[in-house]
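Below is upload.cif, holding mmCIF, C-alpha atoms and all ligand atoms.
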```
data_model
loop_
_atom_site.label_atom_id
_atom_site.label_comp_id
_atom_site.auth_asym_id
_atom_site.auth_seq_id
_atom_site.Cartn_x
_atom_site.Cartn_y
_atom_site.Cartn_z
CA MET M 1 119.73 5.83 163.25
CA ALA M 2 117.67 8.89 164.01
CA SER M 3 113.93 8.61 164.45
CA SER M 4 111.03 11.02 164.41
CA ASP M 5 111.85 12.18 167.96
CA SER M 6 113.17 15.54 166.82
CA ALA M 7 110.01 16.37 164.88
CA GLY M 8 107.94 15.52 167.95
CA ALA M 9 110.11 17.67 170.20
CA ALA M 10 109.94 20.62 167.82
CA GLY M 11 106.17 20.26 167.65
CA SER M 12 105.81 20.41 171.44
CA GLU M 13 107.42 23.86 171.53
CA PHE M 14 104.35 25.27 169.82
CA ASN M 15 101.76 23.66 172.10
CA ASN M 16 102.56 25.74 175.15
CA GLY M 17 99.19 25.58 176.90
CA PRO M 18 99.49 28.27 179.64
CA LEU M 19 100.97 30.90 177.33
CA ALA M 20 98.52 30.14 174.57
CA SER M 21 95.55 30.81 176.86
CA SER M 22 97.11 33.88 178.51
CA SER M 23 96.72 37.45 177.31
CA ILE M 24 100.52 37.93 177.42
CA PRO M 25 101.81 37.82 173.82
CA ALA M 26 103.96 34.73 173.47
CA ALA M 27 107.38 34.93 171.87
CA VAL M 28 106.84 31.92 169.65
CA PRO M 29 110.14 30.54 168.41
CA GLU M 30 110.22 30.49 164.64
CA ARG M 31 110.14 26.92 163.31
CA ARG M 32 113.13 25.92 161.26
CA LYS M 33 112.28 25.03 157.68
CA VAL M 34 112.28 21.26 157.24
CA ALA M 35 113.58 19.57 154.08
CA LEU M 36 113.22 15.90 153.24
CA ILE M 37 115.70 14.51 150.72
CA ALA M 38 115.32 11.18 148.95
CA GLY M 39 118.77 10.26 147.61
CA ILE M 40 120.66 12.08 150.36
CA THR M 41 123.62 9.67 150.20
CA GLY M 42 124.45 10.57 146.58
CA GLN M 43 126.67 13.32 145.23
CA ASP M 44 123.84 15.85 144.90
CA GLY M 45 122.24 14.84 148.20
CA SER M 46 125.43 15.64 150.11
CA TYR M 47 125.88 19.04 148.44
CA LEU M 48 122.22 19.92 148.90
CA THR M 49 122.37 18.94 152.58
CA GLU M 50 125.38 21.21 153.13
CA PHE M 51 123.60 24.01 151.30
CA LEU M 52 120.34 23.67 153.27
CA LEU M 53 122.11 23.35 156.63
CA GLY M 54 123.89 26.60 155.72
CA LYS M 55 120.46 28.19 155.20
CA GLY M 56 119.34 27.06 158.68
CA TYR M 57 117.17 24.13 157.60
CA GLU M 58 116.56 20.92 159.48
CA VAL M 59 117.42 18.24 156.91
CA HIS M 60 116.01 14.74 156.89
CA GLY M 61 117.31 12.15 154.49
CA LEU M 62 115.89 8.85 153.36
CA ILE M 63 118.46 6.11 153.05
CA ARG M 64 118.28 2.59 151.72
CA ARG M 65 119.28 -0.37 153.82
CA SER M 66 122.55 -1.84 152.57
CA SER M 67 124.93 -4.39 154.02
CA ASN M 68 127.67 -1.78 153.52
CA PHE M 69 127.53 1.70 154.96
CA ASN M 70 126.55 4.07 152.15
CA THR M 71 126.81 7.38 153.99
CA ALA M 72 130.47 8.27 153.28
CA ARG M 73 129.53 11.52 151.51
CA LEU M 74 127.64 12.65 154.62
CA ASP M 75 130.08 11.61 157.33
CA HIS M 76 131.50 15.12 157.75
CA LEU M 77 127.97 16.46 158.41
CA TYR M 78 126.81 13.76 160.79
CA VAL M 79 126.14 14.62 164.43
CA ASP M 80 124.86 11.89 166.75
CA PRO M 81 121.07 12.38 167.05
CA HIS M 82 121.37 12.09 170.84
CA ASN M 83 123.02 15.50 170.65
CA SER M 84 119.63 16.94 169.75
CA SER M 85 120.57 20.62 169.99
CA LYS M 86 123.28 20.20 167.34
CA ALA M 87 122.00 17.41 165.09
CA ARG M 88 120.16 19.13 162.26
CA MET M 89 120.64 16.35 159.71
CA LYS M 90 118.79 13.13 160.40
CA LEU M 91 118.65 9.92 158.44
CA HIS M 92 115.75 7.49 158.17
CA TYR M 93 115.35 4.16 156.46
CA ALA M 94 112.98 4.22 153.48
CA ASP M 95 112.98 3.21 149.85
CA LEU M 96 111.41 4.58 146.69
CA SER M 97 110.14 1.06 146.03
CA ASP M 98 108.21 1.10 149.34
CA ALA M 99 105.29 3.55 149.19
CA SER M 100 104.37 3.03 152.86
CA SER M 101 107.82 4.12 154.03
CA LEU M 102 107.58 7.32 151.97
CA ARG M 103 104.14 8.23 153.23
CA ARG M 104 105.17 7.51 156.83
CA TRP M 105 108.13 9.89 156.77
CA VAL M 106 106.23 12.66 155.01
CA ASP M 107 103.46 12.30 157.65
CA VAL M 108 105.86 12.26 160.59
CA LEU M 109 108.19 15.04 159.46
CA LEU M 110 105.68 17.43 157.85
CA PRO M 111 108.42 18.84 155.62
CA ASP M 112 108.21 22.21 153.90
CA GLU M 113 110.19 20.94 150.93
CA VAL M 114 110.76 17.48 149.47
CA TYR M 115 113.66 16.86 147.07
CA ASN M 116 113.57 13.70 145.00
CA LEU M 117 117.19 13.03 144.04
CA ALA M 118 116.97 9.26 144.40
CA ALA M 119 117.58 7.05 141.36
CA GLN M 120 119.42 4.21 139.76
CA SER M 121 121.35 6.94 137.98
CA HIS M 122 123.82 5.09 135.76
CA VAL M 123 122.73 5.17 132.13
CA ALA M 124 124.75 2.13 130.97
CA VAL M 125 123.64 0.09 133.99
CA SER M 126 119.99 0.87 133.16
CA PHE M 127 120.35 -1.35 130.08
CA GLU M 128 121.38 -4.20 132.40
CA ILE M 129 118.63 -3.67 135.01
CA PRO M 130 115.84 -1.92 133.09
CA ASP M 131 112.97 -3.17 135.22
CA TYR M 132 114.54 -2.06 138.49
CA THR M 133 115.54 1.28 136.92
CA ALA M 134 111.97 1.94 135.77
CA ASP M 135 110.57 0.95 139.17
CA VAL M 136 112.81 3.27 141.15
CA VAL M 137 113.19 6.18 138.74
CA ALA M 138 109.68 6.37 137.26
CA THR M 139 107.28 4.63 139.64
CA GLY M 140 109.41 5.62 142.65
CA SER M 141 108.91 9.27 141.77
CA LEU M 142 105.18 8.69 141.41
CA ARG M 143 105.12 7.02 144.85
CA LEU M 144 106.86 9.99 146.42
CA LEU M 145 104.60 12.49 144.64
CA GLU M 146 101.57 10.58 145.85
CA ALA M 147 102.93 10.45 149.42
CA VAL M 148 103.43 14.23 149.28
CA ARG M 149 100.01 14.90 147.75
CA SER M 150 98.04 12.64 150.06
CA SER M 151 99.89 13.63 153.23
CA SER M 152 99.60 17.32 152.42
CA SER M 153 95.92 16.92 151.66
CA SER M 154 95.21 15.24 155.03
CA SER M 155 97.40 17.51 157.17
CA GLY M 156 96.64 20.76 155.32
CA LYS M 157 100.36 21.48 155.34
CA PRO M 158 101.60 22.80 151.96
CA ILE M 159 104.67 20.93 150.68
CA ARG M 160 106.89 21.96 147.79
CA TYR M 161 108.34 19.17 145.64
CA TYR M 162 111.50 19.05 143.54
CA GLN M 163 112.00 16.36 140.91
CA ALA M 164 115.52 15.68 139.63
CA GLY M 165 115.16 15.53 135.88
CA SER M 166 118.02 14.88 133.47
CA SER M 167 119.41 16.15 130.18
CA GLU M 168 119.40 12.46 129.16
CA MET M 169 115.66 12.99 128.52
CA PHE M 170 116.60 15.01 125.40
CA GLY M 171 118.59 12.07 124.07
CA SER M 172 118.90 12.44 120.30
CA THR M 173 117.31 15.91 120.10
CA PRO M 174 120.03 18.19 118.70
CA PRO M 175 121.63 20.87 120.91
CA PRO M 176 121.15 23.39 122.35
CA GLN M 177 118.40 21.86 124.49
CA SER M 178 116.00 24.06 126.47
CA GLU M 179 112.71 23.54 128.36
CA SER M 180 110.85 23.60 125.03
CA SER M 181 113.04 20.98 123.29
CA ALA M 182 111.49 17.60 122.55
CA PHE M 183 112.33 14.61 124.71
CA HIS M 184 113.76 11.62 122.82
CA PRO M 185 115.17 9.26 125.47
CA ARG M 186 117.85 6.76 124.45
CA SER M 187 118.02 4.45 127.49
CA PRO M 188 115.71 2.82 130.06
CA TYR M 189 117.07 5.39 132.54
CA ALA M 190 116.18 8.32 130.29
CA ALA M 191 112.73 6.94 129.44
CA ALA M 192 112.03 6.50 133.17
CA LYS M 193 113.15 10.09 133.84
CA VAL M 194 110.73 11.30 131.13
CA ALA M 195 107.90 9.47 132.93
CA ALA M 196 108.94 11.04 136.26
CA HIS M 197 109.01 14.45 134.58
CA TRP M 198 105.46 14.09 133.30
CA TYR M 199 104.17 12.64 136.60
CA THR M 200 105.48 15.81 138.23
CA VAL M 201 103.83 18.08 135.65
CA ASN M 202 100.62 16.09 136.05
CA TYR M 203 100.55 16.45 139.87
CA ARG M 204 101.08 20.18 139.44
CA GLU M 205 98.24 20.50 136.92
CA ALA M 206 95.83 17.99 138.49
CA TYR M 207 96.23 18.82 142.19
CA GLY M 208 97.84 22.25 142.21
CA LEU M 209 100.92 20.79 143.92
CA PHE M 210 103.91 23.15 143.99
CA ALA M 211 106.07 20.73 142.00
CA CYS M 212 109.13 21.62 139.91
CA ASN M 213 111.31 19.70 137.47
CA GLY M 214 114.98 20.60 137.36
CA ILE M 215 116.35 19.37 134.03
CA LEU M 216 119.97 19.13 135.09
CA PHE M 217 122.76 18.59 132.60
CA ASN M 218 125.76 16.50 133.72
CA HIS M 219 127.17 17.77 136.98
CA GLU M 220 130.33 16.44 138.51
CA SER M 221 132.57 16.93 141.53
CA PRO M 222 135.21 15.18 143.62
CA ARG M 223 132.24 13.27 145.11
CA ARG M 224 131.08 11.88 141.76
CA GLY M 225 130.64 8.10 141.63
CA GLU M 226 133.73 6.40 140.21
CA ASN M 227 131.95 4.73 137.29
CA PHE M 228 130.84 7.98 135.65
CA VAL M 229 133.28 8.99 132.95
CA THR M 230 134.68 12.20 134.50
CA ARG M 231 135.53 10.61 137.84
CA LYS M 232 136.73 7.43 136.17
CA ILE M 233 139.19 9.61 134.26
CA THR M 234 140.34 11.74 137.21
CA ARG M 235 140.74 8.69 139.47
CA ALA M 236 142.90 7.11 136.76
CA VAL M 237 144.98 10.28 136.35
CA GLY M 238 145.71 10.27 140.10
CA ARG M 239 146.59 6.58 140.17
CA ILE M 240 148.74 6.78 137.00
CA ARG M 241 150.55 9.82 138.43
CA VAL M 242 151.61 7.92 141.57
CA GLY M 243 152.34 4.66 139.75
CA LEU M 244 149.37 2.57 140.85
CA GLN M 245 147.94 2.15 137.34
CA THR M 246 149.11 2.46 133.74
CA LYS M 247 146.05 2.01 131.53
CA LEU M 248 142.52 3.39 131.43
CA PHE M 249 139.81 1.50 129.52
CA LEU M 250 137.06 3.70 128.07
CA GLY M 251 134.24 3.59 125.52
CA ASN M 252 133.02 6.34 123.19
CA LEU M 253 135.32 9.39 123.36
CA SER M 254 133.36 11.52 120.88
CA ALA M 255 130.22 11.96 123.00
CA ALA M 256 129.80 15.60 124.03
CA ARG M 257 128.42 16.69 127.39
CA ASP M 258 127.63 19.97 129.15
CA TRP M 259 129.57 19.41 132.40
CA GLY M 260 129.04 21.66 135.42
CA PHE M 261 129.89 21.52 139.12
CA ALA M 262 127.33 19.72 141.32
CA GLY M 263 127.87 22.20 144.17
CA ASP M 264 126.55 24.98 141.92
CA TYR M 265 123.55 23.00 140.73
CA VAL M 266 121.98 22.29 144.13
CA GLU M 267 121.45 26.02 144.59
CA ALA M 268 119.28 26.03 141.47
CA MET M 269 117.16 23.20 142.94
CA TRP M 270 116.50 25.25 146.05
CA LEU M 271 115.82 28.45 144.11
CA MET M 272 113.10 26.67 142.10
CA LEU M 273 111.21 25.97 145.33
CA GLN M 274 111.50 29.59 146.53
CA GLN M 275 109.60 31.08 143.56
CA ASP M 276 106.00 32.31 143.65
CA GLU M 277 105.01 29.80 140.97
CA PRO M 278 106.25 26.27 140.29
CA GLY M 279 107.95 25.56 136.97
CA ASP M 280 110.47 23.50 135.03
CA TYR M 281 114.04 24.68 134.45
CA VAL M 282 117.08 23.60 132.47
CA VAL M 283 120.24 23.90 134.59
CA ALA M 284 123.48 23.86 132.59
CA THR M 285 126.71 25.70 131.83
CA ASP M 286 125.62 26.14 128.17
CA GLU M 287 129.08 24.87 127.11
CA SER M 288 129.86 21.47 125.69
CA HIS M 289 133.00 19.30 125.60
CA THR M 290 133.71 15.82 124.30
CA VAL M 291 134.99 12.99 126.50
CA GLN M 292 138.26 13.35 124.60
CA GLU M 293 138.47 17.03 125.59
CA PHE M 294 137.95 16.03 129.20
CA LEU M 295 140.82 13.53 128.82
CA GLU M 296 143.08 16.18 127.29
CA ALA M 297 142.32 18.61 130.12
CA ALA M 298 142.73 16.06 132.95
CA PHE M 299 145.89 14.32 131.73
CA GLY M 300 147.35 17.60 130.40
CA TYR M 301 146.93 19.25 133.82
CA VAL M 302 149.51 16.87 135.32
CA GLY M 303 151.78 16.81 132.26
CA LEU M 304 150.64 13.43 130.90
CA ASP M 305 149.46 12.49 127.40
CA TRP M 306 146.17 10.60 127.53
CA LYS M 307 147.05 8.71 124.34
CA ASP M 308 149.83 6.89 126.23
CA HIS M 309 147.29 5.40 128.64
CA VAL M 310 143.78 5.17 127.18
CA VAL M 311 142.61 1.93 125.58
CA ILE M 312 139.21 1.70 123.89
CA ASP M 313 137.12 -1.18 125.20
CA LYS M 314 133.88 -1.97 123.35
CA ARG M 315 132.20 -3.06 126.56
CA TYR M 316 131.85 0.60 127.59
CA PHE M 317 129.88 1.52 124.47
CA ARG M 318 126.12 1.75 125.03
CA PRO M 319 123.42 0.04 122.94
CA ALA M 320 122.18 3.54 122.08
CA GLU M 321 124.29 6.64 122.69
CA VAL M 322 123.40 10.26 123.41
CA ASP M 323 125.84 12.05 121.13
CA SER M 324 125.60 15.69 122.02
CA LEU M 325 124.22 17.63 124.96
CA LYS M 326 124.53 21.37 125.44
CA GLY M 327 122.04 23.26 127.55
CA ASP M 328 120.28 26.54 127.05
CA SER M 329 119.72 27.64 130.63
CA SER M 330 118.54 31.17 129.86
CA LYS M 331 115.25 30.64 131.73
CA ALA M 332 117.02 29.65 134.98
CA ARG M 333 119.43 32.56 134.61
CA LYS M 334 116.59 35.05 134.03
CA VAL M 335 113.90 33.79 136.42
CA LEU M 336 116.00 32.26 139.22
CA GLY M 337 118.96 34.63 138.89
CA TRP M 338 121.16 31.51 138.86
CA LYS M 339 124.40 30.97 137.03
CA PRO M 340 127.24 28.46 137.40
CA LYS M 341 130.33 29.64 139.28
CA VAL M 342 132.75 26.84 138.34
CA GLY M 343 133.86 26.50 134.70
CA PHE M 344 135.08 23.41 132.82
CA GLN M 345 138.84 23.79 133.39
CA GLU M 346 138.37 24.62 137.07
CA LEU M 347 136.11 21.60 137.52
CA VAL M 348 138.68 19.29 135.92
CA LYS M 349 141.45 20.68 138.14
CA MET M 350 139.33 20.38 141.30
CA MET M 351 138.66 16.71 140.56
CA VAL M 352 142.23 15.86 139.53
CA ASP M 353 143.72 17.63 142.58
CA GLN M 354 141.53 15.62 144.91
CA ASP M 355 142.17 12.34 143.13
CA ILE M 356 145.94 12.83 143.25
CA GLU M 357 145.67 13.25 147.02
CA LEU M 358 143.48 10.17 147.23
CA ALA M 359 145.94 8.16 145.13
CA LYS M 360 148.87 9.29 147.30
CA ARG M 361 147.10 7.98 150.40
CA GLU M 362 146.24 4.78 148.59
CA LYS M 363 149.89 4.38 147.60
CA VAL M 364 151.02 4.64 151.23
CA LEU M 365 148.64 1.83 152.16
CA VAL M 366 149.65 -0.29 149.15
CA ASP M 367 153.37 0.17 149.92
CA ALA M 368 152.78 -0.78 153.55
CA GLY M 369 150.94 -3.91 152.44
CA TYR M 370 147.61 -2.86 153.97
CA ILE M 371 145.70 -2.96 150.65
CA ASP M 372 146.46 -4.34 147.21
CA ALA M 373 146.57 -2.14 144.14
CA GLN M 374 143.15 -3.46 143.06
CA GLN M 375 144.77 -5.31 140.16
CA GLN M 376 144.70 -2.29 137.89
CA PRO M 377 146.73 -2.98 134.70
C1 LIG E 1 122.70 14.03 133.16
C2 LIG E 1 123.08 12.59 133.23
O1 LIG E 1 124.49 12.50 133.45
C3 LIG E 1 125.01 11.21 133.66
O2 LIG E 1 124.79 10.37 132.55
P1 LIG E 1 125.85 10.16 131.38
O3 LIG E 1 125.91 11.38 130.51
O4 LIG E 1 125.53 8.90 130.72
O5 LIG E 1 127.24 10.11 132.19
P2 LIG E 1 128.52 9.20 132.08
O6 LIG E 1 129.58 9.92 132.80
O7 LIG E 1 128.24 7.80 132.53
O8 LIG E 1 128.81 9.15 130.51
C4 LIG E 1 129.12 10.31 129.77
C5 LIG E 1 129.56 9.93 128.37
O9 LIG E 1 130.82 9.28 128.47
C6 LIG E 1 130.85 8.14 127.60
N1 LIG E 1 131.85 7.19 128.07
C7 LIG E 1 132.96 6.79 127.36
N2 LIG E 1 133.64 5.87 128.06
C8 LIG E 1 132.96 5.70 129.25
C9 LIG E 1 133.21 4.86 130.36
O10 LIG E 1 134.18 4.10 130.43
N3 LIG E 1 132.32 4.96 131.39
C10 LIG E 1 131.24 5.81 131.35
N4 LIG E 1 130.39 5.87 132.42
N5 LIG E 1 130.99 6.59 130.26
C11 LIG E 1 131.84 6.54 129.24
C12 LIG E 1 129.42 7.62 127.68
O11 LIG E 1 129.13 6.75 126.58
C13 LIG E 1 128.63 8.93 127.67
O12 LIG E 1 128.44 9.35 126.35
C14 LIG E 1 124.33 10.61 134.87
O13 LIG E 1 124.56 11.40 136.00
C15 LIG E 1 122.83 10.50 134.63
O14 LIG E 1 122.22 10.07 135.83
C16 LIG E 1 122.29 11.80 134.20
O15 LIG E 1 121.16 12.14 134.52
#
```
Would you write out, as structure tokens, the structure that this file holds?
Amino acid sequence: MASSDSAGAAGSEFNNGPLASSSIPAAVPERRKVALIAGITGQDGSYLTEFLLGKGYEVHGLIRRSSNFNTARLDHLYVDPHNSSKARMKLHYADLSDASSLRRWVDVLLPDEVYNLAAQSHVAVSFEIPDYTADVVATGSLRLLEAVRSSSSSSGKPIRYYQAGSSEMFGSTPPPQSESSAFHPRSPYAAAKVAAHWYTVNYREAYGLFACNGILFNHESPRRGENFVTRKITRAVGRIRVGLQTKLFLGNLSAARDWGFAGDYVEAMWLMLQQDEPGDYVVATDESHTVQEFLEAAFGYVGLDWKDHVVIDKRYFRPAEVDSLKGDSSKARKVLGWKPKVGFQELVKMMVDQDIELAKREKVLVDAGYIDAQQQP
């Protein structure tokens, strides 16, 4: 695990005593921009890390202690911290439920930008663990905001803050939803995200913090967690295609979502923090499809009929559903100059292609007796 060593070493480059007191103009090396990401191990964290490394940033990520390794999405970016000239991504233990850990890393790293992508992000699960969801999503965001505000106020170092908001906050408000649409959350997760949104607005108004809310509509990728509906479907398509599975159990197929590609959306996060003024932005494709349309596209792509495989299981219905989400991202397009590059069909294909490859590898291991087929029906 990396420590604060790198920040200390970078700092010492600027305290060059003899040159500082000499009349010879010093060629001061420009400091890399430093980003701190809470939620770096998630889908968005991994894409944002790639994006920021590509922009020359030093990226620090906060990770939670777990008995299993939870850094699979970052493995391809990891360089041993002992290789200090090459390691520009560093990971540190912290938790949104532990205010002292947040304040410590903000103090030590003196980041230019802080991205709060951490959450218990599964809507259905938030009905099962509402208290934990509220603590991490709502109060956790407040803890990080407070760490940023108080650290910045003592060090004098300005810090820009990004809060990952969600289209779930609109809940039952009819589409299209924009920055001026009313919030009507329909789950403990969504209600907690509304609180985090308003904490962020409040820190901007009360303390002048450069704090932005990105109201991101659903964004998917081959790195999406396997219990979100898109990935659940594409994983099943891959496994059905190679003969590892026959059925797919799903809930409500008529819900409509505005699905974009996560790799596109992290650019919008960064762009928000590069503006002259902080603000809140909807990030979306402005197109909506039902879960059934996603099924048709994913199964159809490999010549299968979803109706031969999908079984409705009531357990996947939610106590309260969000029926229809479709963004109006005209503000982001106008002010940030952002637009999505990957469309719906391309996104489906990208995910199915990867999950067929994954299933083929799984099949080799199953056939060789190294793993079982996970008892899929
Ligand atoms: C923007 C927002 O996006 C995500 O939240 P979500 O929209 O709830 O995403 P999902 O993929 O879990 O559900 C989409 C729809 O699909 C329906 N659905 C049917 N059958 C199954 C099913 O079997 N599993 C799941 N998960 N959903 C199902 C389900 O009822 C819902 O209507 C999170 O990233 C969240 O963090 C976030 O912020």
Expected residue set, 9 Å radius at (110.2, 4.6, 139.5), only C-alpha atoms, as a VMD selection string: chain M and resid 96 to 97 119 132 to 143 192 to 193 195 to 196
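Our summary of the geometry notes that CA of Val201 (chain M) is positioned 18.7 Å from CA of Gln177 (chain M).
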Within 6 Å of ligand LIG 1 (chain E), counting all atoms listed in the file, residues as a VMD selection string: chain M and resid 121 to 123 166 to 168 217 to 218 227 to 230 250 to 253 255 291 316 to 317 322
Distance in Å - CA of Asp276 (chain M) versus CA of Val342 (chain M):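 The value is 27.8 Å.
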Computed interatomic separation between CA of Leu295 (chain M) and CA of Lys360 (chain M) (Å): 20.6 Å
Residue contacts of region 44-56 of chain M (10 Å, all atoms listed in the file) excluding same-chain residues fewer than 6 positions away, as a PyMOL selection string: chain M and resi 32-38+71-77+88-89+115-118+164+219-221+223-224+262-267+269-270
Within 12 Å of Ser180 (chain M) using only C-alpha atoms, minus same-chain residues under 2 positions, as a PyMOL selection string: chain M and resi 170+173+175-178+182-183+215+280-282+327-331
Writing out the chosen residues with C-alpha atoms as an mmCIF file, in the frame of the given file:
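The resulting file, again-v4.cif, is shown below:
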```cif
data_model
loop_
_atom_site.group_PDB
_atom_site.id
_atom_site.type_symbol
_atom_site.label_atom_id
_atom_site.label_comp_id
_atom_site.auth_asym_id
_atom_site.auth_seq_id
_atom_site.Cartn_x
_atom_site.Cartn_y
_atom_site.Cartn_z
ATOM 1 C CA PHE M 170 116.600 15.010 125.400
ATOM 2 C CA THR M 173 117.310 15.910 120.100
ATOM 3 C CA PRO M 175 121.630 20.870 120.910
ATOM 4 C CA PRO M 176 121.150 23.390 122.350
ATOM 5 C CA GLN M 177 118.400 21.860 124.490
ATOM 6 C CA SER M 178 116.000 24.060 126.470
ATOM 7 C CA ALA M 182 111.490 17.600 122.550
ATOM 8 C CA PHE M 183 112.330 14.610 124.710
ATOM 9 C CA ILE M 215 116.350 19.370 134.030
ATOM 10 C CA ASP M 280 110.470 23.500 135.030
ATOM 11 C CA TYR M 281 114.040 24.680 134.450
ATOM 12 C CA VAL M 282 117.080 23.600 132.470
ATOM 13 C CA GLY M 327 122.040 23.260 127.550
ATOM 14 C CA ASP M 328 120.280 26.540 127.050
ATOM 15 C CA SER M 329 119.720 27.640 130.630
ATOM 16 C CA SER M 330 118.540 31.170 129.860
ATOM 17 C CA LYS M 331 115.250 30.640 131.730
#
```
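A search radius of 7 Å centred on (134.6, 18.3, 135.2), applied to all atoms listed in the file, returns the residues Glu220, Ser221, Thr230, Trp259, Gly260, Phe261, Phe344, Leu347, Val348 and Met351 of chain M.
With all atoms listed in the file as the atoms that count, the residue of M:Asn83, M:Ser254, M:Ser324, M:Thr234 with the shortest distance to Phe299 (chain M) is M:Thr234.
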Shortest interatomic distance to Ser100 (chain M) - which of M:Ala87, M:Leu336, M:Leu144, M:Val59, counting all atoms listed in the file: M:Leu144
Just need the box for region 122-138 of chain M, edges along x, y and z, holding every atom the file lists for it with 4 Å tacked onto each side, so centre and edge lengths in Å to one decimal, as lines of an AutoDock Vina configuration file.
```
center_x = 117.2
center_y = 1.1
center_z = 135.6
size_x = 23.1
size_y = 18.6
size_z = 19.1
```
Shortest interatomic distance to Pro130 (chain M) - which of M:Ser187, M:Ser153, M:Asn202, M:Ser101, counting only C-alpha atoms: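 Of all the options, M:Ser187 lies closest to Pro130 (chain M).
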Using only C-alpha atoms: which of M:Asp98, M:Asp107, M:Glu293, M:Glu179 has the shortest distance to Ser152 (chain M):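 Ranking M:Asp98, M:Asp107, M:Glu293, M:Glu179 by distance to Ser152 (chain M), first place goes to M:Asp107.
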Distance criterion (all atoms listed in the file): nearest to Ser151 (chain M) out of M:Pro174, M:Gly343, M:Pro188, M:Pro111: M:Pro111
Residues near Trp338 (chain M), cut-off 8 Å, only C-alpha atoms, skip fewer than 5 positions along chain, as a list of chain:residue names: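 Selected residues are M:Glu267, M:Ala268, M:Ala332, M:Arg333.
Distance annotation: of M:Ser155, M:Glu362, M:Glu146, M:Ala297, the residue with the minimal separation from Val108 (chain M) is M:Ser155; atom set is only C-alpha atoms.
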Using the incomplete input, complete region 335-349 of chain M to the level of N, CA and C atoms; output as an mmCIF file, in the frame of the given file.
```cif
data_model
loop_
_atom_site.group_PDB
_atom_site.id
_atom_site.type_symbol
_atom_site.label_atom_id
_atom_site.label_comp_id
_atom_site.auth_asym_id
_atom_site.auth_seq_id
_atom_site.Cartn_x
_atom_site.Cartn_y
_atom_site.Cartn_z
ATOM 1 N N VAL M 335 114.948 33.865 135.387
ATOM 2 C CA VAL M 335 113.900 33.790 136.420
ATOM 3 C C VAL M 335 114.492 33.527 137.811
ATOM 4 N N LEU M 336 115.443 32.609 137.902
ATOM 5 C CA LEU M 336 116.000 32.260 139.220
ATOM 6 C C LEU M 336 117.191 33.135 139.598
ATOM 7 N N GLY M 337 117.748 33.840 138.618
ATOM 8 C CA GLY M 337 118.960 34.630 138.890
ATOM 9 C C GLY M 337 120.145 33.727 139.164
ATOM 10 N N TRP M 338 120.096 32.498 138.618
ATOM 11 C CA TRP M 338 121.160 31.510 138.860
ATOM 12 C C TRP M 338 122.175 31.519 137.743
ATOM 13 N N LYS M 339 123.424 31.295 138.080
ATOM 14 C CA LYS M 339 124.400 30.970 137.030
ATOM 15 C C LYS M 339 125.518 30.132 137.648
ATOM 16 N N PRO M 340 126.183 29.298 136.828
ATOM 17 C CA PRO M 340 127.240 28.460 137.400
ATOM 18 C C PRO M 340 128.463 29.299 137.766
ATOM 19 N N LYS M 341 129.135 28.887 138.855
ATOM 20 C CA LYS M 341 130.330 29.640 139.280
ATOM 21 C C LYS M 341 131.613 28.949 138.821
ATOM 22 N N VAL M 342 131.546 27.607 138.685
ATOM 23 C CA VAL M 342 132.750 26.840 138.340
ATOM 24 C C VAL M 342 132.711 26.464 136.856
ATOM 25 N N GLY M 343 133.775 26.817 136.132
ATOM 26 C CA GLY M 343 133.860 26.500 134.700
ATOM 27 C C GLY M 343 134.520 25.144 134.470
ATOM 28 N N PHE M 344 134.584 24.742 133.203
ATOM 29 C CA PHE M 344 135.080 23.410 132.820
ATOM 30 C C PHE M 344 136.501 23.136 133.320
ATOM 31 N N GLN M 345 137.442 24.048 133.003
ATOM 32 C CA GLN M 345 138.840 23.790 133.390
ATOM 33 C C GLN M 345 138.993 23.720 134.901
ATOM 34 N N GLU M 346 138.288 24.595 135.604
ATOM 35 C CA GLU M 346 138.370 24.620 137.070
ATOM 36 C C GLU M 346 137.803 23.330 137.669
ATOM 37 N N LEU M 347 136.733 22.849 137.049
ATOM 38 C CA LEU M 347 136.110 21.600 137.520
ATOM 39 C C LEU M 347 137.086 20.425 137.352
ATOM 40 N N VAL M 348 137.722 20.370 136.183
ATOM 41 C CA VAL M 348 138.680 19.290 135.920
ATOM 42 C C VAL M 348 139.808 19.345 136.953
ATOM 43 N N LYS M 349 140.336 20.535 137.187
ATOM 44 C CA LYS M 349 141.450 20.680 138.140
ATOM 45 C C LYS M 349 141.020 20.278 139.552
#
```
